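Trainee: Below is a structure I'd like to ask you about.
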Amino acid sequence: MCSEIADQVHRIEVKASLAPSGADHAWLEARRQEARTEQARLGC
């Protein structure tokens, strides 16, 4: 599970680096934060 979340975070970070700033970037950042929170909850 931890490796899946790490992969998800990586994909989000790549998309965020390519996304123009604005709503898309903010949405991706929120998804990244949710994934990081889940990692912490699982003790990854």
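Order determines the names: the first chain of the structure tokens is A, the second B, and so forth; residues in each chain are numbered 1 upward, and ligands are numbered 1 upward as they are shown.
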Using only C-alpha atoms, which protein or nucleic acid residues come within 9 Å of Arg36 (chain A)? Drop anything in the same chain fewer than 4 positions from it, and give the result as JSON, numbers by chain.
Mentor: {"A": [5, 6, 9, 31, 32, 40, 41]}
Trainee: Which residues are close to region 14-19 of chain A, i.e. within 8 Å by only C-alpha atoms, leaving aside same-chain residues fewer than 4 positions away? Reply as a PyMOL selection string.
Mentor: chain A and resi 10+24-25+28-29
Trainee: Can you list every residue in chain A that DSSP puts in helix (DSSP H, G or I), as a PyMOL selection string?
Mentor: chain A and resi 2-18+23-42
Trainee: Pick the closest to Glu13 (chain A) from A:Cys44, A:Gln33, A:Gln39, A:Met1: which is it, counting only C-alpha atoms?
Mentor: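 Ranking A:Cys44, A:Gln33, A:Gln39, A:Met1 by distance to Glu13 (chain A), first place goes to A:Gln33.
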Trainee: Please measure the separation of CA of Asp7 (chain A) and CA of Gly22 (chain A), giving the value in Å to one decimal.
Mentor: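 CA of Gly22 (chain A) lies at a distance of 23.8 Å from CA of Asp7 (chain A).
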